[in-house]
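**Q** So here's start_34.cif, just mmCIF, C-alpha atoms:
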data_entry
loop_
_atom_site.label_atom_id
_atom_site.label_comp_id
_atom_site.auth_asym_id
_atom_site.auth_seq_id
_atom_site.Cartn_x
_atom_site.Cartn_y
_atom_site.Cartn_z
CA MET A 13 -44.67 56.94 169.76
CA ASP A 14 -41.22 58.41 169.35
CA HIS A 15 -41.91 61.77 167.70
CA ALA A 16 -38.26 62.77 167.43
CA ALA A 17 -37.30 59.58 165.65
CA THR A 18 -40.16 59.94 163.17
CA ALA A 19 -39.30 63.56 162.47
CA THR A 20 -35.65 62.72 161.95
CA ALA A 21 -36.61 59.91 159.61
CA GLY A 22 -38.74 62.44 157.73
CA HIS A 23 -35.72 64.69 157.43
CA ALA A 24 -33.61 61.89 156.03
CA GLN A 25 -36.08 61.13 153.23
CA GLY A 26 -35.98 64.39 151.38
CA GLN A 27 -37.59 66.15 154.35
CA GLN A 28 -39.81 69.05 155.22
CA HIS A 29 -42.37 68.20 152.61
CA GLN A 30 -45.30 66.82 154.47
CA GLN A 31 -46.19 64.15 151.99
CA HIS A 32 -48.73 61.59 153.12
CA PRO A 33 -51.14 59.35 151.24
CA ILE A 34 -54.44 60.96 150.23
CA GLY A 35 -56.25 58.01 151.80
CA LEU A 36 -55.11 59.17 155.23
CA TYR A 37 -56.76 62.58 154.74
CA LEU A 38 -59.95 60.97 153.50
CA THR A 39 -60.03 58.67 156.53
CA VAL A 40 -59.60 61.59 158.93
CA TRP A 41 -62.24 63.53 156.99
CA GLY A 42 -64.61 60.61 157.49
CA PHE A 43 -63.83 60.45 161.21
CA LEU A 44 -64.50 64.20 161.56
CA PHE A 45 -67.87 63.76 159.85
CA VAL A 46 -68.82 60.91 162.16
CA LEU A 47 -67.67 62.78 165.28
CA SER A 48 -69.58 65.92 164.22
CA THR A 49 -72.69 63.83 163.67
CA PHE A 50 -72.27 62.34 167.14
CA SER A 51 -71.95 65.76 168.76
CA TYR A 52 -75.02 66.97 166.87
CA LEU A 53 -76.94 63.90 168.06
CA VAL A 54 -76.05 64.78 171.67
CA ASP A 55 -78.22 67.86 171.19
CA TYR A 56 -80.80 66.15 169.02
CA PHE A 57 -81.55 63.48 171.63
CA HIS A 58 -81.56 66.08 174.44
CA PHE A 59 -78.92 64.45 176.61
CA GLN A 60 -78.62 66.50 179.80
CA GLY A 61 -76.28 67.12 182.68
CA LEU A 62 -72.93 65.44 183.12
CA LEU A 63 -73.48 63.00 180.25
CA ARG A 64 -74.11 65.87 177.83
CA TRP A 65 -71.08 67.89 178.93
CA SER A 66 -68.66 64.98 178.95
CA LEU A 67 -69.81 63.79 175.51
CA ILE A 68 -69.53 67.31 174.05
CA LEU A 69 -66.01 67.73 175.43
CA LEU A 70 -64.96 64.23 174.34
CA PHE A 71 -66.05 64.75 170.72
CA MET A 72 -64.59 68.27 170.71
CA ILE A 73 -61.17 67.08 171.88
CA ALA A 74 -61.19 64.13 169.49
CA LYS A 75 -61.96 66.43 166.54
CA ALA A 76 -59.41 69.04 167.58
CA GLY A 77 -56.77 66.33 168.01
CA LEU A 78 -57.39 64.89 164.55
CA ILE A 79 -57.25 68.31 162.88
CA VAL A 80 -54.02 69.37 164.63
CA ALA A 81 -52.28 66.00 164.40
CA VAL A 82 -53.07 65.03 160.82
CA PHE A 83 -54.45 67.98 158.84
CA MET A 84 -51.93 70.39 160.37
CA HIS A 85 -49.22 67.69 160.32
CA MET A 86 -48.24 68.27 163.93
CA ARG A 87 -47.70 64.52 164.36
CA TRP A 88 -44.75 64.61 162.00
CA GLU A 89 -43.12 67.80 163.25
CA ARG A 90 -40.09 67.89 165.51
CA LEU A 91 -40.56 68.00 169.27
CA ALA A 92 -39.13 71.55 169.52
CA LEU A 93 -42.01 72.89 167.40
CA ILE A 94 -44.64 70.66 169.00
CA PHE A 95 -43.74 71.85 172.50
CA ALA A 96 -43.41 75.50 171.47
CA ILE A 97 -46.95 75.49 170.05
CA LEU A 98 -48.88 73.01 172.18
CA LEU A 99 -47.58 73.79 175.69
CA PRO A 100 -48.37 77.55 175.99
CA PRO A 101 -52.16 77.01 175.58
CA GLY A 102 -51.93 75.11 178.88
CA ALA A 103 -51.84 78.54 180.53
CA ILE A 104 -55.38 79.05 179.20
CA LEU A 105 -56.59 76.20 181.38
CA VAL A 106 -55.35 78.13 184.40
CA LEU A 107 -57.28 81.20 183.23
CA VAL A 108 -60.40 79.07 182.70
CA GLY A 109 -60.07 77.67 186.22
CA LEU A 110 -59.65 81.12 187.74
CA MET A 111 -62.53 82.63 185.81
CA ALA A 112 -64.84 79.73 186.62
CA ALA A 113 -64.19 80.34 190.33
CA GLU A 114 -64.67 84.08 189.82
CA GLY A 115 -67.90 83.54 187.87
CA ASP A 116 -69.29 81.30 190.61
CA TYR A 117 -68.46 83.94 193.19
CA THR A 118 -70.12 86.72 191.16
CA PHE A 119 -73.21 84.54 190.78
CA PHE A 120 -73.25 83.91 194.51
CA THR A 121 -72.97 87.60 195.44
CA ARG A 122 -75.60 88.60 192.85
CA GLY A 123 -77.93 86.07 194.43
CA LEU A 124 -77.18 87.56 197.82
CA PHE A 125 -77.78 91.19 196.82
CA PHE A 126 -80.56 90.92 194.27
CA GLY A 127 -82.39 88.12 196.02
CA HIS A 128 -82.67 85.76 193.07
CA MET B 1 -12.25 94.81 185.69
CA ALA B 2 -10.65 92.98 182.88
CA ALA B 3 -12.72 92.56 179.74
CA ILE B 4 -14.03 89.05 179.24
CA PRO B 5 -12.37 87.69 176.13
CA SER B 6 -14.99 87.22 173.45
CA LEU B 7 -15.42 83.82 171.85
CA GLU B 8 -16.27 85.52 168.57
CA THR B 9 -13.30 86.77 166.68
CA LYS B 10 -15.26 89.35 164.68
CA GLU B 11 -17.51 91.52 166.83
CA PRO B 12 -20.01 93.49 164.70
CA ALA B 13 -19.68 97.24 165.02
CA GLY B 14 -22.44 99.17 166.78
CA ALA B 15 -24.94 98.36 169.51
CA TRP B 16 -27.89 97.47 167.23
CA ALA B 17 -25.72 95.40 164.93
CA SER B 18 -24.49 93.38 167.89
CA ILE B 19 -28.05 92.74 169.11
CA VAL B 20 -29.19 91.65 165.68
CA ALA B 21 -26.14 89.42 165.33
CA ASP B 22 -26.66 87.79 168.71
CA TRP B 23 -30.32 87.10 168.11
CA SER B 24 -29.99 85.88 164.56
CA SER B 25 -26.48 84.69 163.82
CA ASP B 26 -27.36 81.59 161.86
CA ARG B 27 -29.19 79.98 164.71
CA GLN B 28 -32.36 78.16 163.86
CA ALA B 29 -34.61 76.65 166.49
CA PHE B 30 -37.33 75.24 164.25
CA LYS B 31 -36.20 73.13 161.34
CA VAL B 32 -39.14 74.08 159.14
CA PRO B 33 -39.42 76.79 156.49
CA TRP B 34 -39.41 80.28 157.99
CA GLY B 35 -42.96 81.09 156.89
CA LYS B 36 -44.30 77.93 158.47
CA ALA B 37 -42.73 78.68 161.86
CA MET B 38 -44.13 82.22 161.69
CA MET B 39 -47.61 80.98 160.77
CA TRP B 40 -47.56 78.59 163.74
CA ILE B 41 -46.57 81.40 166.08
CA PHE B 42 -49.30 83.63 164.66
CA LEU B 43 -51.82 80.82 165.15
CA LEU B 44 -50.64 80.40 168.74
CA SER B 45 -51.37 84.08 169.40
CA ASP B 46 -54.75 83.70 167.71
CA THR B 47 -55.44 80.72 169.96
CA PHE B 48 -55.05 83.02 172.93
CA ILE B 49 -57.42 85.61 171.45
CA PHE B 50 -60.19 83.10 170.82
CA SER B 51 -59.57 81.47 174.20
CA CYS B 52 -60.03 84.82 175.90
CA PHE B 53 -63.35 85.33 174.09
CA LEU B 54 -64.56 81.87 175.05
CA THR B 55 -63.37 82.26 178.64
CA GLY B 56 -65.18 85.61 178.84
CA TYR B 57 -68.32 83.95 177.51
CA MET B 58 -67.96 81.20 180.12
CA THR B 59 -67.60 83.78 182.88
CA VAL B 60 -70.70 85.79 181.96
CA ARG B 61 -72.72 82.62 181.44
CA ILE B 62 -71.75 81.29 184.88
CA SER B 63 -72.35 84.59 186.65
CA THR B 64 -75.67 85.66 185.12
CA THR B 65 -78.73 85.20 187.29
CA ASP B 66 -81.06 85.20 184.25
CA GLN B 67 -81.88 82.10 182.25
CA TRP B 68 -79.38 81.54 179.40
CA PRO B 69 -81.28 81.25 176.09
CA ASN B 70 -81.34 77.64 174.89
CA PRO B 71 -79.15 77.58 171.73
CA SER B 72 -80.86 74.39 170.60
CA GLU B 73 -84.12 76.36 170.26
CA VAL B 74 -82.67 79.72 169.25
CA PHE B 75 -80.85 78.18 166.28
CA ALA B 76 -83.61 75.79 165.24
CA LEU B 77 -84.92 76.07 161.70
CA ASN B 78 -88.42 75.34 160.51
CA ILE B 79 -88.06 72.95 157.59
CA GLY B 80 -91.19 71.48 156.06
CA GLY B 81 -93.30 72.33 159.09
CA ALA B 82 -90.95 70.64 161.57
CA ASN B 83 -88.65 72.51 163.91
CA ILE B 84 -85.22 70.91 163.59
CA PRO B 85 -82.86 71.96 166.39
CA LEU B 86 -79.52 73.53 165.49
CA ILE B 87 -79.74 72.26 161.91
CA LEU B 88 -78.15 75.30 160.25
CA ILE B 89 -75.17 75.15 162.60
CA ALA B 90 -74.77 71.43 161.92
CA ILE B 91 -74.72 72.07 158.17
CA MET B 92 -72.19 74.88 158.64
CA THR B 93 -70.01 72.49 160.66
CA PHE B 94 -70.07 69.87 157.90
CA ILE B 95 -69.26 72.51 155.28
CA LEU B 96 -66.23 73.73 157.22
CA ILE B 97 -64.98 70.19 157.83
CA SER B 98 -65.33 69.42 154.13
CA SER B 99 -63.35 72.54 153.31
CA SER B 100 -60.60 71.30 155.62
CA GLY B 101 -60.57 68.00 153.74
CA THR B 102 -60.20 69.67 150.34
CA MET B 103 -57.49 71.95 151.76
CA ALA B 104 -55.48 68.98 153.07
CA MET B 105 -55.63 67.42 149.61
CA ALA B 106 -54.57 70.70 147.99
CA VAL B 107 -51.40 70.68 150.12
CA ASN B 108 -50.75 67.13 148.98
CA PHE B 109 -51.12 67.96 145.27
CA GLY B 110 -49.00 71.08 145.76
CA TYR B 111 -46.01 69.03 146.85
CA ARG B 112 -46.62 66.75 143.87
CA ARG B 113 -46.42 69.91 141.73
CA ASP B 114 -49.82 69.30 140.23
CA ARG B 115 -50.71 72.97 139.77
CA LYS B 116 -54.18 72.59 138.32
CA LYS B 117 -55.44 70.19 140.98
CA THR B 118 -53.86 72.25 143.75
CA ALA B 119 -55.46 75.49 142.57
CA ALA B 120 -58.81 73.78 141.91
CA LEU B 121 -58.90 72.21 145.39
CA MET B 122 -57.94 75.53 147.00
CA LEU B 123 -60.71 77.31 145.12
CA VAL B 124 -63.20 74.64 146.20
CA THR B 125 -62.00 75.24 149.77
CA ALA B 126 -62.52 78.99 149.37
CA LEU B 127 -65.97 78.34 147.91
CA PHE B 128 -66.92 76.21 150.93
CA GLY B 129 -65.63 79.05 153.12
CA ALA B 130 -67.72 81.63 151.27
CA THR B 131 -70.78 79.40 151.65
CA PHE B 132 -70.09 79.19 155.37
CA VAL B 133 -69.90 82.99 155.66
CA GLY B 134 -73.11 83.30 153.64
CA MET B 135 -74.95 80.98 155.99
CA GLN B 136 -73.56 82.89 158.93
CA ALA B 137 -74.89 86.13 157.45
CA PHE B 138 -78.28 84.44 157.14
CA GLU B 139 -78.08 83.32 160.77
CA TRP B 140 -77.11 86.81 161.98
CA SER B 141 -79.90 88.53 160.07
CA LYS B 142 -82.44 85.99 161.34
CA LEU B 143 -81.32 86.64 164.91
CA ILE B 144 -81.17 90.43 164.54
CA PHE B 145 -84.32 91.11 162.49
CA HIS B 146 -86.65 88.28 163.48
CA GLU B 147 -85.63 87.32 167.01
CA GLY B 148 -84.61 90.78 168.19
CA VAL B 149 -81.24 89.74 169.56
CA ARG B 150 -78.98 92.71 170.35
CA PRO B 151 -75.56 92.89 172.00
CA TRP B 152 -77.23 94.45 175.04
CA GLY B 153 -80.29 92.24 175.32
CA ASN B 154 -82.73 89.79 173.80
CA PRO B 155 -86.28 88.56 174.44
CA MET B 156 -85.14 85.02 175.33
CA GLY B 157 -83.15 85.57 178.50
CA ALA B 158 -79.72 86.63 179.70
CA ALA B 159 -78.57 89.86 178.06
CA GLN B 160 -75.00 88.58 177.74
CA PHE B 161 -76.10 86.02 175.15
CA GLY B 162 -76.08 88.59 172.33
CA SER B 163 -72.73 90.17 173.06
CA SER B 164 -71.03 86.76 173.43
CA PHE B 165 -72.65 85.49 170.26
CA PHE B 166 -71.84 88.48 168.05
CA MET B 167 -68.29 88.82 169.39
CA ILE B 168 -67.29 85.17 169.07
CA THR B 169 -68.99 84.21 165.82
CA GLY B 170 -68.22 87.63 164.32
CA PHE B 171 -64.52 87.29 164.97
CA HIS B 172 -64.55 83.76 163.63
CA GLY B 173 -66.50 84.85 160.55
CA LEU B 174 -63.90 87.55 159.89
CA HIS B 175 -61.21 84.89 160.03
CA VAL B 176 -63.10 82.75 157.52
CA SER B 177 -63.60 85.74 155.21
CA ALA B 178 -59.90 86.64 155.40
CA GLY B 179 -59.07 82.99 154.70
CA VAL B 180 -61.26 82.98 151.58
CA VAL B 181 -59.33 86.00 150.24
CA TYR B 182 -55.96 84.52 151.24
CA LEU B 183 -56.68 81.14 149.64
CA SER B 184 -57.97 82.75 146.44
CA ILE B 185 -54.81 84.83 146.07
CA VAL B 186 -52.49 81.87 146.69
CA ALA B 187 -54.56 79.66 144.36
CA ALA B 188 -54.29 82.23 141.55
CA ARG B 189 -50.53 82.41 142.05
CA VAL B 190 -50.23 78.62 142.08
CA LEU B 191 -52.06 78.52 138.77
CA LYS B 192 -49.68 81.09 137.28
CA GLY B 193 -46.72 78.93 138.30
CA ARG B 194 -45.26 81.48 140.66
CA TYR B 195 -44.10 78.81 143.12
CA GLU B 196 -42.41 76.48 140.63
CA LYS B 197 -38.97 77.70 141.73
CA LYS B 198 -39.72 78.64 145.33
CA GLY B 199 -41.51 75.40 146.19
CA TYR B 200 -45.03 74.77 147.40
CA GLU B 201 -44.58 75.31 151.14
CA ILE B 202 -46.91 78.31 150.82
CA VAL B 203 -49.85 76.00 150.15
CA GLU B 204 -49.13 74.15 153.39
CA ILE B 205 -48.79 77.45 155.26
CA ALA B 206 -52.10 78.75 153.91
CA GLY B 207 -53.52 75.34 154.79
CA LEU B 208 -52.39 75.72 158.40
CA TYR B 209 -54.36 78.95 158.65
CA TRP B 210 -57.43 77.34 157.14
CA HIS B 211 -57.32 74.26 159.38
CA PHE B 212 -56.98 76.58 162.35
CA VAL B 213 -60.19 78.37 161.38
CA ASP B 214 -61.89 74.97 161.29
CA LEU B 215 -60.29 74.09 164.64
CA VAL B 216 -61.69 77.22 166.28
CA TRP B 217 -65.14 76.37 164.95
CA VAL B 218 -64.91 72.95 166.63
CA PHE B 219 -64.54 74.75 169.97
CA ILE B 220 -67.25 77.35 169.24
CA PHE B 221 -69.65 74.63 168.10
CA ALA B 222 -69.07 72.58 171.25
CA LEU B 223 -68.90 75.35 173.83
CA PHE B 224 -71.35 77.93 172.50
CA TYR B 225 -73.93 76.05 170.45
CA LEU B 226 -74.06 72.67 172.16
CA TRP B 227 -73.38 73.52 175.80
#
Kindly present the structure from the file in structure tokens form.
**A**
Amino acid sequence: MDHAATATAGHAQGQQHQQHPIGLYLTVWGFLFVLSTFSYLVDYFHFQGLLRWSLILLFMIAKAGLIVAVFMHMRWERLALIFAILLPPGAILVLVGLMAAEGDYTFFTRGLFFGH
Amino acid sequence: MAAIPSLETKEPAGAWASIVADWSSDRQAFKVPWGKAMMWIFLLSDTFIFSCFLTGYMTVRISTTDQWPNPSEVFALNIGGANIPLILIAIMTFILISSSGTMAMAVNFGYRRDRKKTAALMLVTALFGATFVGMQAFEWSKLIFHEGVRPWGNPMGAAQFGSSFFMITGFHGLHVSAGVVYLSIVAARVLKGRYEKKGYEIVEIAGLYWHFVDLVWVFIFALFYLW
């Protein structure tokens, strides 16, 4: 989708006001309910291992995407704002990667020294 | 060395004045209302705070040699003789999502200049938020008084469980509480007609904050309670 074109079109039609049909919000609301139910069911049915983790992350990202894109209107903003807000959190993924490696190492050395 | 000829004809007097002029002089990067850009930047900084908490939690959970308490059991409730896993947290999740729905509609009615509906929907949102905080208080007291969970230890397993739990959900709960106050103030002002001239961007800005609180809960729910 061409974000810039959509945003410019939005500007042309009396602009800035994020005015969208109520039905859209209700639809997203419904989706969020369904996705939350799914993620609760992951726990309820005791899925384990890789299946559990991938399902949890999938539903989490889907919900987060819906909230940011529609409820917070990010979909209709201009690219300058979208990039300024959505790109910096990418740095967090680097931190998560580093700390996961560090955590594994700490676990390993604790095992070594405390004999667990 | 010859002075570089300035492109500006009028150079503001004074060092500070020149800095202010250079950084501001009618340049606008984000073509949205000022308050909205500032709220987004605040939310970005808040994203980093919550991410640091969650990353810290991940690190201690990976590195502990003790068994991590099973959240599914810790947060189970006994309803009608049956132990239902994680039910309170599920209800809290639905409440917060519903509050996000009513908030989105409040923004919509704000731009339509329907003051009564806007204020009513915002107050419903705040009420959902207050309910959420109430349930969280119940959850905390259950954990502290009945299960003996402390920031430095608990009977179920890894000591880091308590500190992660109180830090992350506590900080989120504070955000919800602040949001309830914020929404109530804006709703009262909407009702009084304070934004008739200024426009109703403020409702959208308050909405951004509220949706963010819901967004953070999505991550806490997935990474702390379900993992």
**Q** Residues of chain A within 9 Å of chain B, using only C-alpha atoms, as number ranges by chain?
**A** A: 28-34, 37-38, 40-41, 44-45, 48-49, 51-52, 54-56, 64-65, 68-69, 71-73, 75-76, 79-80, 83-85, 89-90, 92-93, 96-98, 100-101, 104, 107-108, 111-120, 122-123, 128
**Q** For the atom pair atom CA of Asp46 of chain B and atom CA of Phe132 of chain B, what is the interatomic distance in Å to one decimal place?
**A** 20.2 Å
**Q** State, in Å with one decimal place, the distance from atom CA of Trp34 of chain B to atom CA of Ala21 of chain B.
**A**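 Computing the Euclidean distance for atom CA of Trp34 of chain B and atom CA of Ala21 of chain B yields 17.7 Å.
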**Q** For the structure provided, state which residues fall under the PyMOL selection byres ((chain B and resi 161) around 9), and present them as a VMD selection string.
**A** chain B and resid 57 60 to 61 68 to 69 149 to 154 157 to 160 162 to 166
